[in-house]
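Notes to accompany the following structure.
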Amino acid sequence: MAGSAAPQVRTLTVGVYENAPKIFINRQGNADGIFPDLLEEIARRENWSIRYVRCEWEDCLRQLREGRLDLMPDVARTPEREATYSFHSKPALYSWSLVYRRPDVPIATPIDLDGRRIAVLAGSVQAESIGGFLDEYGVSAVIVPTSTFDEAFELAGEARVDAAITNKYYGELHAERYRLVSTTIVPPPLRLYFATPYGRHQDILATIDRYIGPWHDDPDSVYYDVLARWESRTLLSRVPLAYWLALAVAGAMLVSAILATLVLRKRIRQKERELAESQDKLNAILDGTDSIIYIKDRDYRLQYINRAGSRLAQRPASELIGRTTENLVGPRFYKESTESDRRVLEQGEHITAEEVEVTDGVRNLTLLSTKAPLRRDDGSIYALCGIATDISAQKETERELRVAAIVFQSQEGMFVTDDRRRVLRANDAFTRMTGFRQGELAGSEPPDVFVHEDGDSAQPTMWSGVEQDGKWQGEVRLLRKGGGELHCWLAINAVQDDHGAITHYVCALADITQQKIAQGEIARLANYDPLTNLPNRRLLMERLQHWLAGHARRKGLAALLFLDLDNFKDLNDTSGHAAGDQLLRHVADRILGCVREGDTVARLGGDEFVILLEGIEGGAEDAATHAGAIGWKIHDAVNRPYSIAGTAYHTTCSIGVTLCDDDCTQIDELMKRGDLAMYEAKRAGRNTLRFFRADMESAVRQRIALESEMREAVRNHEFVLYYQPQVGRDAGITGAEALVRWKHPERGLIGPATFIHVAEASGLIVPLGRWVLRTACEQLATWAGAAETAHLSMAVNVSAHQFRHPDFVQETLEILDQAGANPSLLKLELTETLLIENVEETIAKMRELKARGVCFALDDFGTGYSSLSYLKRLPLDQLKIDRSFVNDVLGNPNDASIARSIVALARALDLDIIAEGVETERQREFLAGLDCDAYQGYLFGRPIAAERFNPVPLAT
């Protein structure tokens, strides 16, 4: 069959992605699976050398399109792909898909998919065909593309989607690990091929066809040997030979019965009454069996067919008698069936064989058929009698058993015991994970290697749960033989017979060690400062809230110490950020050395630390004395010399102290008091400690005075808008951000940093924000009237107070209508404060405005809450990198890493990215290298009045 060997080896580059058992990378790092085995056999005969390239599905297809891969296995053939890739003629493998769901999601039919979120592998045939499949049922669902099958199952397991579609091979292999179950929903089946870049390597495809075609037709070929190898690793037996023998005997008996009946009918024709009675009895017998019984004459026309045959044909017997079966079955089935009929009628053979109805490459009916000739007294054959039993279900069971055999040798550990919990078989993955050999496990109870987190054996809990519920699953630690441990997810299921008696226990073990490590790292990053490993603001707030919640039940008081290093910026400016980071780590260590183990030392950011002293015994005076003593102790420790980069360095600190007592029970107020006390220490000349005093509230009075002036300013229209340009990748101006200024009659032009916080606290931000939005929209409409500015968008900051106003959506739409501005050119910039509370209300308002075309950007991203669980749900268009990260992006590796991560996150969420505070060309070049979409900053123009706004940037 193979062509003659060529003297020169031909090297083919072949893509491999994870889709076990069809194709995957095994634990040894080699390509494995049904497709690689078939390809290696052809390569051996054709003197090919195969170089495998690991890639994810869409990347594999992209490399194939670009010609970087010569060949890609496991590709379904569709009309769309035929325009991009070339295929051979004969399918290499057949596959089908299933819909998988969580047990708590009620999905049983395609109708139940209406409105659901369904994860599908991006670029796959499932993704291309699912729409049409759903349309057939009048169903509309949200398709969520994924890069891998693992990601699809992970989204479904984490309830981020309602269901996932994968091929059945993969699904049965991995569904249990993600706690998913299969449904009975089966999208259209697939035919799988090897593919090459379009129009290339036609000789390779022809060679593959030259092997695949004959292999398919030869049951003893290497093709079926490959399938057998993958099906052979199983504990489950194939359908026994005795079953077929029993069917054959039953068939022979039925044939004999028919022959006897025919002889009987000849003998009783003379007796009309007996004939009628016998005919009724015979029909009752023949119609009472599930097997199809029929008689055909020598022209292959039906002379008799029982009720089972009529039911299968979905036509009454009266319409079938006198006709052939040509229009009832497919052409291949009819041809093969007619050939066997001919052998019976012309040669008198008795034939027993499987007859298979195949539609579009998929079996949809398998009959075990027995045919025998009917003879006259002279021995001549005048008809044939056939008995056909539908064994489609049994064949499907056989195929399922083959799949189960492959699943058993999956990458998850598995073992099976008898009803007395003695191990019958364990797969290779289980022996690798535990360190036990097959011989050590067989015939014995499972080793007691599973323990809970506290170290107690998990065996009693496991088996108790199985006895009570028939199953158990949970997280355990696996103590490996010879040392070491793994974190695992263990699932045990009892297998029962038809009478409910337990026959076996099936146990599956998934290694989740890396997942546990990742979870711990995520928790650490979420709650701890990466530079000093101290608790961050979030964890400090949690602990402070916990203390306040239990304050009434506890004895003792608490104190907050705010510490800020003096002149820290000088060290950064003179010695670099690396030296500054080293100092911060030393300071953190010294503070920790001054407090008790139960106290909290947190870094809020920059050079600011907060110390929470809990459980201070005595009254307020004792608490103040203790807090002061600890504060001065920390002060003296921080003031000792440091060795920074081999050089002695001295620094000082300013500390503010406030007591957590009954007079102050709100976190914000406590933090404000500590902050005020610390700044009082700064104003006192630094390098000292100050307690909070009531007279520090004078700052509050100043705020009240400012608030009064602001109310007057709103009435007198003293606020104006300035516009700072925003530019795209090519430095062309794409829009502007509207920035409010206060044109004070005495103090001149005042920036927002002076008054915005007062507006927020007083509620003035709502009328002020309404005016800003109206003025910006009117300016946007004015720009639309000139060709050179018609394309410009307008970004407007919206505060949390303004956005949460009940009439915000209605007012915004009315302003747009009244101004005549294009909603699609209006971009509302929201802060991360909105993510902290009322998230569902925020999303609803955004979607209502989004429906009218309004765009949204998340301002100052990375400086606040940044909850990814909510971020992915928000209908955002753009993320804005805060200027605090851009300022030191060239000198501070942390800021550079944060900027890089924000861009990567925006790309993952399909959002645009804009960086603010860009002041130098080097900063712009760095951000451009990160694939940043747009920029804003002094490099391109300062905020200016509308009449001076120039649509050409300062830097191009």
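FYI, nothing fancy with the structure tokens labels: chains A, B, ... in order, residues from 1 per chain, ligands from 1 as they appear.
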
Note to self: With only C-alpha atoms as the counted atoms, please give the residues lying no more than 12 Å from Ala844 in chain A, apart from itself and same-chain residues fewer than 5 positions off, as a PyMOL selection string.
What the structure shows: chain A and resi 803-804+809+838-839+849-851+873-875

Checklist line | Within 8 Å of range 473-483 of chain A using only C-alpha atoms, minus same-chain residues under 4 positions, as JSON, numbers by chain | finding: {"A": [433, 434, 435, 436, 449, 450, 451, 452, 453, 458, 462, 487, 488, 489, 490, 491, 492]}

Pull N, CA and C atoms from the residues just selected and write them as a PDB file, in the first residue's frame.
```pdb
ATOM      1  N   MET A 433       0.720   9.568  41.092  1.00  0.00           N
ATOM      2  CA  MET A 433       0.385  10.545  42.117  1.00  0.00           C
ATOM      3  C   MET A 433       0.668  10.013  43.519  1.00  0.00           C
ATOM      4  N   THR A 434       0.382   8.745  43.763  1.00  0.00           N
ATOM      5  CA  THR A 434       0.533   8.195  45.120  1.00  0.00           C
ATOM      6  C   THR A 434       1.902   7.602  45.386  1.00  0.00           C
ATOM      7  N   GLY A 435       2.599   7.151  44.327  1.00  0.00           N
ATOM      8  CA  GLY A 435       3.881   6.495  44.520  1.00  0.00           C
ATOM      9  C   GLY A 435       3.764   4.998  44.725  1.00  0.00           C
ATOM     10  N   PHE A 436       2.531   4.455  44.744  1.00  0.00           N
ATOM     11  CA  PHE A 436       2.335   3.014  44.911  1.00  0.00           C
ATOM     12  C   PHE A 436       2.321   2.337  43.551  1.00  0.00           C
ATOM     13  N   VAL A 449      -3.905   7.240  52.639  1.00  0.00           N
ATOM     14  CA  VAL A 449      -2.995   8.355  52.328  1.00  0.00           C
ATOM     15  C   VAL A 449      -3.736   9.675  52.193  1.00  0.00           C
ATOM     16  N   PHE A 450      -5.064   9.650  52.391  1.00  0.00           N
ATOM     17  CA  PHE A 450      -5.850  10.872  52.252  1.00  0.00           C
ATOM     18  C   PHE A 450      -6.147  11.447  53.630  1.00  0.00           C
ATOM     19  N   VAL A 451      -5.785  12.701  53.835  1.00  0.00           N
ATOM     20  CA  VAL A 451      -5.993  13.334  55.135  1.00  0.00           C
ATOM     21  C   VAL A 451      -6.656  14.688  54.922  1.00  0.00           C
ATOM     22  N   HIS A 452      -7.330  15.189  55.994  1.00  0.00           N
ATOM     23  CA  HIS A 452      -7.896  16.533  55.981  1.00  0.00           C
ATOM     24  C   HIS A 452      -6.789  17.549  56.240  1.00  0.00           C
ATOM     25  N   GLU A 453      -7.152  18.821  56.175  1.00  0.00           N
ATOM     26  CA  GLU A 453      -6.176  19.889  56.402  1.00  0.00           C
ATOM     27  C   GLU A 453      -5.553  19.807  57.789  1.00  0.00           C
ATOM     28  N   ALA A 458      -8.872  11.064  56.245  1.00  0.00           N
ATOM     29  CA  ALA A 458     -10.136  11.389  55.593  1.00  0.00           C
ATOM     30  C   ALA A 458     -10.969  10.153  55.292  1.00  0.00           C
ATOM     31  N   MET A 462     -14.925   9.945  54.135  1.00  0.00           N
ATOM     32  CA  MET A 462     -15.196   9.546  52.764  1.00  0.00           C
ATOM     33  C   MET A 462     -16.210   8.405  52.698  1.00  0.00           C
ATOM     34  N   HIS A 487      -2.220  18.485  47.050  1.00  0.00           N
ATOM     35  CA  HIS A 487      -3.606  18.849  47.325  1.00  0.00           C
ATOM     36  C   HIS A 487      -4.443  18.281  46.180  1.00  0.00           C
ATOM     37  N   CYS A 488      -5.507  17.552  46.548  1.00  0.00           N
ATOM     38  CA  CYS A 488      -6.284  16.851  45.535  1.00  0.00           C
ATOM     39  C   CYS A 488      -7.776  17.052  45.768  1.00  0.00           C
ATOM     40  N   TRP A 489      -8.538  16.875  44.691  1.00  0.00           N
ATOM     41  CA  TRP A 489      -9.989  16.789  44.771  1.00  0.00           C
ATOM     42  C   TRP A 489     -10.358  15.331  44.516  1.00  0.00           C
ATOM     43  N   LEU A 490     -10.959  14.700  45.519  1.00  0.00           N
ATOM     44  CA  LEU A 490     -11.268  13.273  45.460  1.00  0.00           C
ATOM     45  C   LEU A 490     -12.774  13.092  45.325  1.00  0.00           C
ATOM     46  N   ALA A 491     -13.191  12.265  44.380  1.00  0.00           N
ATOM     47  CA  ALA A 491     -14.608  11.958  44.187  1.00  0.00           C
ATOM     48  C   ALA A 491     -14.782  10.446  44.163  1.00  0.00           C
ATOM     49  N   ILE A 492     -15.722   9.938  44.965  1.00  0.00           N
ATOM     50  CA  ILE A 492     -15.996   8.497  45.054  1.00  0.00           C
ATOM     51  C   ILE A 492     -17.468   8.280  44.744  1.00  0.00           C
TER      52      ILE A 492
END
```

Where does range 98-216 of chain A meet range 22-45 of chain A within 9 Å, residue by residue, with the nearest atom pair and distance in Å to one decimal for each, counting only C-alpha atoms, listed by chain and rising number, as CSV?
```
residue,atom,partner,partner_atom,distance
A:Tyr169,CA,A:Lys22,CA,7.6
A:Tyr170,CA,A:Lys22,CA,8.5
A:Phe194,CA,A:Phe35,CA,8.6
A:Thr207,CA,A:Ile42,CA,8.4
A:Ile208,CA,A:Ile42,CA,7.3
A:Tyr211,CA,A:Ile42,CA,7.4
A:Ile212,CA,A:Leu38,CA,8.9
```

Next item on the list: Calculate how many Å separate CA of Leu592 in chain A from CA of Leu604 in chain A, rounding to one decimal.
Entry: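 For CA of Leu592 in chain A relative to CA of Leu604 in chain A, the distance reads 15.3 Å.
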
Check: Can you tell me how far CA of Leu205 in chain A sits from CA of Leu71 in chain A, in Å to one decimal?
Finding: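 Separation between CA of Leu205 in chain A and CA of Leu71 in chain A: 9.2 Å.
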
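Here CA of Ala684 in chain A stands at a distance of 12.1 Å from CA of Cys653 in chain A.
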
Next item on the list: Considering only C-alpha atoms, return as a ChimeraX atom specification whatever protein or nucleic-acid residues lie within 9 Å of range 703-706 of chain A, sequence-local ones (same chain, fewer than 5 positions apart) excluded.
Entry: /A:698,711,755,758,762

Check: Which of range 625-859 of chain A counts as strand (DSSP E) under DSSP, as a PyMOL selection string please?
Finding: chain A and resi 642-644+647-649+653-660+689-691+719-727+733-744+748-750+793-797+826-830+855-859

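Each of A:Asp469, A:Glu154, A:Gly605, A:Val495 was checked against Pro530 in chain A using only C-alpha atoms; the smallest atom-to-atom distance is that of A:Gly605.
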
Next item on the list: Find, counting only C-alpha atoms, the residue in A:Leu312, A:Ile913, A:Ala163, A:Val918 that gets nearest to Ser291 in chain A.
Entry: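 The closest residue to Ser291 in chain A is A:Leu312.
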
Margin query: Need the shell around Glu712 in chain A: protein/DNA/RNA residues with any atom at most 12 Å away, counting only C-alpha atoms. Skip same-chain ones fewer than 5 positions apart. Format as a PyMOL selection string?
Written below: chain A and resi 705-707+717-719+742+744-745+764+768

Keeping only all heavy atoms, write those residues as a tab-separated table (two decimals), in the first residue's frame.
```tsv
chain	number	residue	atom	x	y	z
A	705	ALA	N	-16.40	76.80	55.26
A	705	ALA	CA	-16.31	78.13	54.64
A	705	ALA	C	-16.16	78.00	53.13
A	705	ALA	O	-16.77	78.75	52.34
A	705	ALA	CB	-15.15	78.90	55.24
A	706	LEU	N	-15.32	77.04	52.71
A	706	LEU	CA	-15.12	76.83	51.27
A	706	LEU	C	-16.42	76.37	50.61
A	706	LEU	O	-16.75	76.77	49.49
A	706	LEU	CB	-14.01	75.80	51.05
A	706	LEU	CG	-13.63	75.51	49.60
A	706	LEU	CD1	-13.13	76.78	48.92
A	706	LEU	CD2	-12.56	74.41	49.54
A	707	GLU	N	-17.16	75.52	51.32
A	707	GLU	CA	-18.43	75.03	50.78
A	707	GLU	C	-19.39	76.20	50.56
A	707	GLU	O	-20.09	76.26	49.54
A	707	GLU	CB	-19.04	74.03	51.75
A	707	GLU	CG	-20.39	73.50	51.31
A	707	GLU	CD	-20.98	72.56	52.33
A	707	GLU	OE1	-20.22	71.92	53.10
A	707	GLU	OE2	-22.23	72.47	52.37
A	717	HIS	N	-22.26	81.57	38.54
A	717	HIS	CA	-21.66	81.01	37.31
A	717	HIS	C	-20.16	81.32	37.24
A	717	HIS	O	-19.65	81.77	36.21
A	717	HIS	CB	-22.36	81.60	36.07
A	717	HIS	CG	-23.84	81.41	36.09
A	717	HIS	ND1	-24.44	80.17	35.94
A	717	HIS	CD2	-24.85	82.30	36.26
A	717	HIS	CE1	-25.75	80.32	36.00
A	717	HIS	NE2	-26.04	81.60	36.21
A	718	GLU	N	-19.45	81.04	38.34
A	718	GLU	CA	-18.01	81.31	38.38
A	718	GLU	C	-17.17	80.13	37.88
A	718	GLU	O	-15.95	80.24	37.81
A	718	GLU	CB	-17.59	81.66	39.81
A	718	GLU	CG	-18.21	82.96	40.32
A	718	GLU	CD	-17.87	83.23	41.78
A	718	GLU	OE1	-17.10	82.43	42.35
A	718	GLU	OE2	-18.38	84.22	42.34
A	719	PHE	N	-17.82	79.01	37.55
A	719	PHE	CA	-17.08	77.85	37.08
A	719	PHE	C	-16.99	77.88	35.55
A	719	PHE	O	-17.93	78.31	34.85
A	719	PHE	CB	-17.75	76.55	37.54
A	719	PHE	CG	-17.66	76.33	39.02
A	719	PHE	CD1	-18.72	76.67	39.86
A	719	PHE	CD2	-16.51	75.82	39.57
A	719	PHE	CE1	-18.63	76.48	41.22
A	719	PHE	CE2	-16.41	75.62	40.94
A	719	PHE	CZ	-17.47	75.96	41.77
A	742	TRP	N	-12.42	76.85	38.75
A	742	TRP	CA	-13.18	77.86	39.49
A	742	TRP	C	-12.52	79.22	39.26
A	742	TRP	O	-11.39	79.44	39.66
A	742	TRP	CB	-13.20	77.49	40.96
A	742	TRP	CG	-14.01	78.42	41.83
A	742	TRP	CD1	-14.73	79.50	41.45
A	742	TRP	CD2	-14.19	78.31	43.25
A	742	TRP	NE1	-15.35	80.08	42.50
A	742	TRP	CE2	-15.03	79.37	43.66
A	742	TRP	CE3	-13.73	77.43	44.21
A	742	TRP	CZ2	-15.40	79.57	44.97
A	742	TRP	CZ3	-14.10	77.61	45.53
A	742	TRP	CH2	-14.93	78.68	45.91
A	744	HIS	N	-12.31	82.26	40.58
A	744	HIS	CA	-12.62	82.94	41.84
A	744	HIS	C	-12.40	84.46	41.67
A	744	HIS	O	-11.37	84.89	41.12
A	744	HIS	CB	-11.74	82.39	42.97
A	744	HIS	CG	-12.23	82.73	44.34
A	744	HIS	ND1	-11.98	83.95	44.93
A	744	HIS	CD2	-12.93	82.00	45.24
A	744	HIS	CE1	-12.51	83.97	46.13
A	744	HIS	NE2	-13.09	82.79	46.36
A	745	PRO	N	-13.34	85.28	42.15
A	745	PRO	CA	-13.19	86.73	41.96
A	745	PRO	C	-11.98	87.32	42.68
A	745	PRO	O	-11.50	88.39	42.30
A	745	PRO	CB	-14.51	87.28	42.51
A	745	PRO	CG	-15.03	86.22	43.41
A	745	PRO	CD	-14.59	84.92	42.83
A	764	LEU	N	-22.73	69.28	46.59
A	764	LEU	CA	-22.69	70.25	45.49
A	764	LEU	C	-22.22	69.63	44.19
A	764	LEU	O	-22.39	70.21	43.11
A	764	LEU	CB	-21.77	71.41	45.86
A	764	LEU	CG	-22.34	72.46	46.82
A	764	LEU	CD1	-21.24	73.42	47.27
A	764	LEU	CD2	-23.48	73.22	46.16
A	768	LEU	N	-23.15	70.82	40.26
A	768	LEU	CA	-21.94	71.19	39.52
A	768	LEU	C	-21.70	70.21	38.38
A	768	LEU	O	-21.38	70.60	37.25
A	768	LEU	CB	-20.75	71.24	40.47
A	768	LEU	CG	-19.40	71.58	39.83
A	768	LEU	CD1	-19.45	72.95	39.14
A	768	LEU	CD2	-18.28	71.54	40.88
```

Checklist line | Neighbour list for Gly598 in chain A as a list in words, cut-off 10 Å, only C-alpha atoms, skip fewer than 4 positions in-chain | finding: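 Non-adjacent residues within range: Leu612, Leu613, Glu614 and Gly615 of chain A.
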
Just the selected residues (N, CA and C atoms), exported as an mmCIF file, in the first residue's frame, please.
```
data_model
loop_
_atom_site.group_PDB
_atom_site.id
_atom_site.type_symbol
_atom_site.label_atom_id
_atom_site.label_comp_id
_atom_site.auth_asym_id
_atom_site.auth_seq_id
_atom_site.Cartn_x
_atom_site.Cartn_y
_atom_site.Cartn_z
ATOM 1 N N LEU A 612 -2.180 49.368 63.798
ATOM 2 C CA LEU A 612 -3.367 49.175 64.629
ATOM 3 C C LEU A 612 -2.957 48.388 65.864
ATOM 4 N N LEU A 613 -3.028 49.035 67.026
ATOM 5 C CA LEU A 613 -2.714 48.400 68.308
ATOM 6 C C LEU A 613 -4.028 47.983 68.953
ATOM 7 N N GLU A 614 -4.236 46.689 69.150
ATOM 8 C CA GLU A 614 -5.486 46.192 69.708
ATOM 9 C C GLU A 614 -5.297 45.701 71.133
ATOM 10 N N GLY A 615 -6.421 45.600 71.865
ATOM 11 C CA GLY A 615 -6.431 44.994 73.197
ATOM 12 C C GLY A 615 -5.597 45.741 74.219
#
```

For the interface of range 776-863 of chain A with range 938-951 of chain A (cut-off 12 Å, counting only C-alpha atoms), please tabulate each contacting residue of range 776-863 of chain A alongside its nearest pair of atoms and their separation in Å to one decimal, rows sorted by chain and increasing number, as a Markdown table.
```
| residue | atom | partner | partner_atom | distance |
| --- | --- | --- | --- | --- |
| A:Ala776 | CA | A:Ala946 | CA | 9.9 |
| A:Glu778 | CA | A:Ala946 | CA | 11.2 |
| A:Gln779 | CA | A:Ala946 | CA | 7.8 |
| A:Leu780 | CA | A:Ala946 | CA | 10.3 |
| A:Thr782 | CA | A:Ala946 | CA | 10.1 |
| A:Trp783 | CA | A:Ala946 | CA | 9.8 |
| A:Ala786 | CA | A:Pro951 | CA | 11.1 |
| A:Ala787 | CA | A:Pro951 | CA | 10.9 |
| A:Glu788 | CA | A:Pro951 | CA | 7.2 |
| A:Thr789 | CA | A:Pro951 | CA | 6.7 |
| A:Ala790 | CA | A:Pro951 | CA | 10.2 |
| A:His791 | CA | A:Pro951 | CA | 10.1 |
| A:Leu792 | CA | A:Pro951 | CA | 8.5 |
| A:Ser793 | CA | A:Pro951 | CA | 11.5 |
```

Emit the selected residues as a CSV table (one decimal), in the first residue's frame, including C-alpha atoms.
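Saved result, out-v7.csv, follows:
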```
chain,number,residue,atom,x,y,z
A,776,ALA,CA,-19.5,69.8,27.6
A,778,GLU,CA,-23.1,71.9,24.1
A,779,GLN,CA,-19.4,72.3,23.2
A,780,LEU,CA,-19.6,68.8,21.6
A,782,THR,CA,-20.6,73.1,18.5
A,783,TRP,CA,-17.6,71.0,17.4
A,786,ALA,CA,-17.1,72.2,11.9
A,787,ALA,CA,-15.5,69.7,9.6
A,788,GLU,CA,-12.1,69.8,11.4
A,789,THR,CA,-13.6,69.1,14.8
A,790,ALA,CA,-16.7,67.0,13.9
A,791,HIS,CA,-14.9,63.8,14.7
A,792,LEU,CA,-13.9,64.8,18.3
A,793,SER,CA,-15.2,62.9,21.3
```

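Each of A:Gly171, A:Gly763, A:Gly785, A:Gly131 was checked against Ala20 in chain A using only C-alpha atoms; the smallest atom-to-atom distance is that of A:Gly171.
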
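The smallest atom-to-atom distance between Tyr304 in chain A and any of A:Leu134, A:Ile292, A:Ala83, A:Ile815, using only C-alpha atoms, is found for A:Ile292.
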
Would you mind listing, for every residue of range 668-737 of chain A within 12 Å of range 820-826 of chain A, the two atoms forming the shortest contact and the distance between them in Å to one decimal, using only C-alpha atoms, sorted by chain and ascending residue number, as a Markdown table?
```
| residue | atom | partner | partner_atom | distance |
| --- | --- | --- | --- | --- |
| A:Thr734 | CA | A:Leu825 | CA | 10.1 |
| A:Gly735 | CA | A:Leu825 | CA | 8.6 |
| A:Ala736 | CA | A:Leu826 | CA | 10.2 |
| A:Glu737 | CA | A:Leu826 | CA | 10.1 |
```

Next item on the list: Tell me, as a PyMOL selection string, which residues lie within 9 Å of Ala904 in chain A, counting only C-alpha atoms; anything in the same chain fewer than 4 positions away does not count.
Entry: chain A and resi 899-900+908-909+930-931

Keeping C-alpha atoms for every residue in the selection just given, could you write it to a file as a CSV table (one decimal), in the first residue's frame?
```csv
chain,number,residue,atom,x,y,z
A,899,ALA,CA,0.9,49.5,33.4
A,900,ARG,CA,1.8,46.4,31.5
A,908,ALA,CA,-8.4,40.4,27.6
A,909,LEU,CA,-11.7,42.3,28.2
A,930,LEU,CA,2.8,48.1,25.5
A,931,ASP,CA,0.1,48.5,22.8
```
